[in-house]
Amino acid sequence: MTNFDFLKKIPEFQVFADAAVSAELMLHIDVDACVISCRRAMEFAIKWMFSIDKDLKMPHNDSLVCLLEDEDFAAIVGKDMLRRLEYIRKIGNKAAHGEDKVVKQQAELCLENLFEFLDFVAYCYHKNYKEREFDRKLLELTLEEVLDFVTEDVDLQTLREQNESNREEFTARRNRHCSTYVARPYSDEF
């Protein structure tokens, strides 16, 4: 069991659910792979938001940096959440480019930040949101649990086409919910 298992039960979230689950499972195998998977799950979820929310316009470039810098996206997620996402991006890039060694505490913070973001996404877009807390105890898994996962890539244009019929409904739901979401304060200390 992981902190992200709830996502697998929501059909609309399948595009990023496996990536989030695998990120947590990778913590025990390779912290670099864990943070790269956190970054990947975050990117998939952000692309999903751009595909489903009519207030988010397709940017000229669908790179993660462009999506994070989009003013409409920043306005939706807020300053604290954006800082969490930037931390994941920064540490994910650090791991991907072989810069300084990523330590387990950084990977755990990436997982927690990813959880907070995906909880926000669930709060804003899922019709049956249930409040959850990040459970650090779940970071201790058996080897069998760690090795039982698969991830795939996601294409933003294809995702937008698949979600075109749902954009009005999901944008309206986000508009109703987003302003009442109470974000936990961001801290880059572990």
# chains A, B, ... in the order shown; residues from 1 in each chain; ligands from 1
$ residues_around --residues "Glu108 in chain A" --least-positions-apart "5" --cutoff "9 Å" --atoms "only C-alpha atoms" --output "ChimeraX atom specification"
/A:24,27,31,34-35,103,113,136,139,190
$ write_last_selection --atoms "C-alpha atoms" --output "PDB file, in the first residue's frame"
ATOM      1  CA  GLU A  24       6.829   5.893  -3.803  1.00  0.00           C
ATOM      2  CA  LEU A  27      12.135   5.061  -2.743  1.00  0.00           C
ATOM      3  CA  VAL A  31      16.227   7.519  -4.518  1.00  0.00           C
ATOM      4  CA  CYS A  34      12.108   7.929  -6.944  1.00  0.00           C
ATOM      5  CA  VAL A  35      12.483  11.676  -7.487  1.00  0.00           C
ATOM      6  CA  VAL A 103      19.444  11.830  -0.384  1.00  0.00           C
ATOM      7  CA  ASN A 113       4.990  17.404  -2.101  1.00  0.00           C
ATOM      8  CA  ARG A 136       5.132   8.458   6.378  1.00  0.00           C
ATOM      9  CA  LEU A 139       7.075   4.569   3.083  1.00  0.00           C
ATOM     10  CA  PHE A 190      12.567  17.853   6.355  1.00  0.00           C
TER      11      PHE A 190
END
$ residues_around --residues "Phe134 in chain A" --least-positions-apart "5" --cutoff "7 Å" --atoms "only C-alpha atoms" --output "PyMOL selection string"
chain A and resi 3+112+115
$ atom_distance --atom1 "CA of Cys66 in chain A" --atom2 "CA of Gly92 in chain A"
16.1 Å
$ residues_around --residues "Ile91 in chain A" --least-positions-apart "6" --cutoff "9 Å" --atoms "only C-alpha atoms" --output "PyMOL selection string"
chain A and resi 32+35-36+39+102+106-107+110
$ atom_distance --atom1 "CA of Lys130 in chain A" --atom2 "CA of Leu7 in chain A"
11.2 Å
$ atom_distance --atom1 "CA of Tyr129 in chain A" --atom2 "CA of Arg173 in chain A"
11.3 Å
$ residues_around --residues "range 72-82 of chain A" --least-positions-apart "3" --cutoff "8 Å" --atoms "only C-alpha atoms" --output "mmCIF file with C-alpha atoms, in the first residue's frame"
data_model
loop_
_atom_site.group_PDB
_atom_site.id
_atom_site.type_symbol
_atom_site.label_atom_id
_atom_site.label_comp_id
_atom_site.auth_asym_id
_atom_site.auth_seq_id
_atom_site.Cartn_x
_atom_site.Cartn_y
_atom_site.Cartn_z
ATOM 1 C CA ASP A 55 -9.333 27.782 -18.153
ATOM 2 C CA LEU A 56 -5.905 26.342 -18.938
ATOM 3 C CA LEU A 67 3.482 24.520 -17.872
ATOM 4 C CA LEU A 68 4.691 25.551 -14.405
ATOM 5 C CA GLU A 69 5.299 29.125 -15.584
ATOM 6 C CA LEU A 85 6.077 21.627 -7.579
ATOM 7 C CA GLU A 86 9.271 23.587 -8.222
ATOM 8 C CA GLU A 116 -0.067 17.398 -1.545
ATOM 9 C CA PHE A 117 -0.363 18.352 -5.202
ATOM 10 C CA CYS A 178 -10.337 25.402 -5.745
ATOM 11 C CA ALA A 183 -3.157 24.229 1.480
ATOM 12 C CA PRO A 185 2.175 25.591 4.480
ATOM 13 C CA TYR A 186 5.200 24.792 2.368
#
$ closest_residue --among "A:Val182, A:Val121, A:Leu25, A:Met58" --to "Ile10 in chain A" --atoms "only C-alpha atoms"
A:Val121
$ closest_residue --among "A:Leu111, A:Ala95, A:Val15, A:Met26" --to "Leu156 in chain A" --atoms "only C-alpha atoms"
A:Val15
$ residues_around --residues "Leu118 in chain A" --least-positions-apart "2" --cutoff "10 Å" --atoms "only C-alpha atoms" --output "PyMOL selection string"
chain A and resi 4+7+13+16-17+20+41-42+45-46+112-116+120-124
$ write_last_selection --atoms "C-alpha atoms" --output "short mmCIF file (atom, residue, chain, number, x, y, z; two decimals), in the first residue's frame"
data_model
loop_
_atom_site.label_atom_id
_atom_site.label_comp_id
_atom_site.auth_asym_id
_atom_site.auth_seq_id
_atom_site.Cartn_x
_atom_site.Cartn_y
_atom_site.Cartn_z
CA PHE A 4 -1.10 7.19 -3.85
CA LEU A 7 -5.63 7.53 -7.32
CA PHE A 13 -6.63 9.93 -12.81
CA PHE A 16 -0.78 9.80 -13.49
CA ALA A 17 -1.82 7.24 -10.85
CA ALA A 20 2.76 8.36 -8.52
CA ALA A 41 3.94 11.88 -12.07
CA MET A 42 3.72 15.61 -11.40
CA ALA A 45 -0.91 15.36 -13.61
CA ILE A 46 -0.19 18.90 -14.78
CA GLU A 112 5.11 14.42 0.27
CA ASN A 113 4.99 17.40 -2.10
CA LEU A 114 3.63 15.18 -4.86
CA PHE A 115 0.99 13.87 -2.48
CA GLU A 116 -0.07 17.40 -1.54
CA PHE A 120 -5.23 19.27 -4.42
CA VAL A 121 -6.02 17.85 -7.89
CA ALA A 122 -8.41 15.33 -6.33
CA TYR A 123 -10.02 18.04 -4.22
CA CYS A 124 -10.57 20.31 -7.21
#
$ closest_residue --among "A:Glu12, A:Asp18, A:Asp30, A:Asp155" --to "Ile52 in chain A" --atoms "only C-alpha atoms"
A:Glu12
$ closest_residue --among "A:Ala19, A:Arg176, A:Lys54, A:His28" --to "Leu138 in chain A" --atoms "only C-alpha atoms"
A:His28
$ select_by_dssp --residues "range 67-176 of chain A" --states "helix (DSSP H, G or I)" --output "PyMOL selection string"
chain A and resi 67-69+71-77+79-96+104-125+136-139+143-147+156-176
